[in-house]
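Peer 1: Quick one: structure below, then a few questions.
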Amino acid sequence: MSNFSKYKIEQVRLIHCAFEKDRDHVASYVTATPYTDPLTACEEVYRLTQNIENSWVEDAKKSIHSDNKGKFTMCPGVETRSTSVGDVMEICYPSESGNGYRTVTYVVADVGFERI
C-alpha cells in the first residue's frame, strides 16, 4: 500500500504563468484516481493540456463524465495554451478543518516537476 492511499486529491489547479507576469488560473482538473501520487497527477494534467493534434480545451469540453472524474472545469475569460515549463500546478487536498483546501504546489521543470 502506498503512502498516497490516505491522501485524496480533490483537484489539480492549472496556473499558466510561464510567459506572463500575472498568474492565470486556467482550469481545475478532477483526477479519475484521487488516491494517487501527486507527481502522477501532475503528469496526467500536463499530458492532457498539450495542443498536439487538437486543442486541449476543445477536447476537455467534449469530455463528459457522469461521475465528474477525469474532467476539467475551465475558468471563464482566461486565454489558454499548452502547458509549458514554468507553469504551476496546485494539488488540492481536503483541509483538516473541512473548509477549503490544503495545497501543495509544483512547477513544471525542464524534466518533471519541482515542489515549491
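Chain lettering (A, B, ...) mirrors the order of the C-alpha cells, residue numbering begins at 1 for each chain separately, and ligand numbering begins at 1 in order of display.
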Any idea what's packed within 12 Å of Lys8 (chain A), counting only C-alpha atoms, ignoring anything in its chain fewer than 5 positions away? Could you give it as a count of residues only?
Peer 2: 19
Peer 1: Mind checking DSSP for chain A and telling me the alpha helix (DSSP H) residues as a PyMOL selection string?
Peer 2: chain A and resi 38-48+56-62
Peer 1: Restricting it to N, CA and C atoms, dump the selection as an mmCIF file, in the first residue's frame.
Peer 2:
data_model
loop_
_atom_site.group_PDB
_atom_site.id
_atom_site.type_symbol
_atom_site.label_atom_id
_atom_site.label_comp_id
_atom_site.auth_asym_id
_atom_site.auth_seq_id
_atom_site.Cartn_x
_atom_site.Cartn_y
_atom_site.Cartn_z
ATOM 1 N N PRO A 38 1.107 12.606 -6.187
ATOM 2 C CA PRO A 38 0.877 13.935 -6.770
ATOM 3 C C PRO A 38 1.650 14.164 -8.069
ATOM 4 N N LEU A 39 2.818 13.556 -8.208
ATOM 5 C CA LEU A 39 3.567 13.715 -9.458
ATOM 6 C C LEU A 39 2.862 13.011 -10.614
ATOM 7 N N THR A 40 2.202 11.913 -10.323
ATOM 8 C CA THR A 40 1.410 11.232 -11.347
ATOM 9 C C THR A 40 0.247 12.115 -11.780
ATOM 10 N N ALA A 41 -0.381 12.788 -10.826
ATOM 11 C CA ALA A 41 -1.473 13.709 -11.158
ATOM 12 C C ALA A 41 -0.954 14.870 -12.007
ATOM 13 N N CYS A 42 0.213 15.402 -11.671
ATOM 14 C CA CYS A 42 0.811 16.487 -12.471
ATOM 15 C C CYS A 42 1.109 16.011 -13.888
ATOM 16 N N GLU A 43 1.660 14.819 -14.013
ATOM 17 C CA GLU A 43 1.957 14.271 -15.339
ATOM 18 C C GLU A 43 0.689 14.107 -16.163
ATOM 19 N N GLU A 44 -0.386 13.661 -15.521
ATOM 20 C CA GLU A 44 -1.666 13.486 -16.213
ATOM 21 C C GLU A 44 -2.185 14.825 -16.740
ATOM 22 N N VAL A 45 -2.168 15.856 -15.891
ATOM 23 C CA VAL A 45 -2.635 17.180 -16.312
ATOM 24 C C VAL A 45 -1.750 17.730 -17.418
ATOM 25 N N TYR A 46 -0.436 17.584 -17.282
ATOM 26 C CA TYR A 46 0.481 18.071 -18.316
ATOM 27 C C TYR A 46 0.186 17.392 -19.658
ATOM 28 N N ARG A 47 0.027 16.075 -19.640
ATOM 29 C CA ARG A 47 -0.247 15.322 -20.873
ATOM 30 C C ARG A 47 -1.555 15.767 -21.519
ATOM 31 N N LEU A 48 -2.568 15.997 -20.701
ATOM 32 C CA LEU A 48 -3.883 16.361 -21.221
ATOM 33 C C LEU A 48 -3.975 17.814 -21.688
ATOM 34 N N TRP A 56 -6.479 21.250 -26.630
ATOM 35 C CA TRP A 56 -6.812 20.528 -25.404
ATOM 36 C C TRP A 56 -8.081 21.080 -24.766
ATOM 37 N N VAL A 57 -8.354 22.361 -24.975
ATOM 38 C CA VAL A 57 -9.560 22.961 -24.414
ATOM 39 C C VAL A 57 -10.795 22.379 -25.095
ATOM 40 N N GLU A 58 -10.739 22.236 -26.406
ATOM 41 C CA GLU A 58 -11.864 21.635 -27.132
ATOM 42 C C GLU A 58 -12.057 20.184 -26.721
ATOM 43 N N ASP A 59 -10.948 19.452 -26.557
ATOM 44 C CA ASP A 59 -11.045 18.064 -26.095
ATOM 45 C C ASP A 59 -11.663 18.005 -24.700
ATOM 46 N N ALA A 60 -11.291 18.947 -23.823
ATOM 47 C CA ALA A 60 -11.836 18.985 -22.460
ATOM 48 C C ALA A 60 -13.335 19.270 -22.479
ATOM 49 N N LYS A 61 -13.778 20.124 -23.394
ATOM 50 C CA LYS A 61 -15.210 20.442 -23.491
ATOM 51 C C LYS A 61 -16.021 19.236 -23.970
ATOM 52 N N LYS A 62 -15.425 18.408 -24.831
ATOM 53 C CA LYS A 62 -16.115 17.231 -25.369
ATOM 54 C C LYS A 62 -16.165 16.103 -24.349
#
Peer 1: Would you mind listing what lies within 9 Å of Thr105 (chain A) as number ranges by chain, with only C-alpha atoms counted and same-chain residues fewer than 5 positions away left out?
Peer 2: A: 88-92, 114-116
Peer 1: Could you save the residues just selected, with C-alpha atoms, as a PDB file, in the first residue's frame?
Peer 2:
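What landed in selection01.pdb:
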ATOM      1  CA  VAL A  88       2.281  25.827 -11.921  1.00  0.00           C
ATOM      2  CA  MET A  89       0.023  23.038 -10.699  1.00  0.00           C
ATOM      3  CA  GLU A  90      -1.549  23.140  -7.264  1.00  0.00           C
ATOM      4  CA  ILE A  91      -2.529  19.774  -5.839  1.00  0.00           C
ATOM      5  CA  CYS A  92      -5.560  20.365  -3.594  1.00  0.00           C
ATOM      6  CA  GLU A 114       9.602  20.573  -8.729  1.00  0.00           C
ATOM      7  CA  ARG A 115       7.766  21.153  -5.466  1.00  0.00           C
ATOM      8  CA  ILE A 116       7.799  24.799  -4.411  1.00  0.00           C
TER       9      ILE A 116
END
Peer 1: Ranking A:Gln50, A:Asn99, A:Ser84, A:Ser28 by minimum distance to Phe72 (chain A) and counting only C-alpha atoms, which one comes first?
Peer 2: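 Of A:Gln50, A:Asn99, A:Ser84, A:Ser28, the one nearest Phe72 (chain A) is A:Ser28, counting only C-alpha atoms.
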Peer 1: Restricting the calculation to only C-alpha atoms, which member of A:Ile15, A:Ala27, A:Ile52, A:Val104 is positioned closest to Lys71 (chain A)?
Peer 2: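 With only C-alpha atoms as the atom set, the closest residue is A:Ala27.
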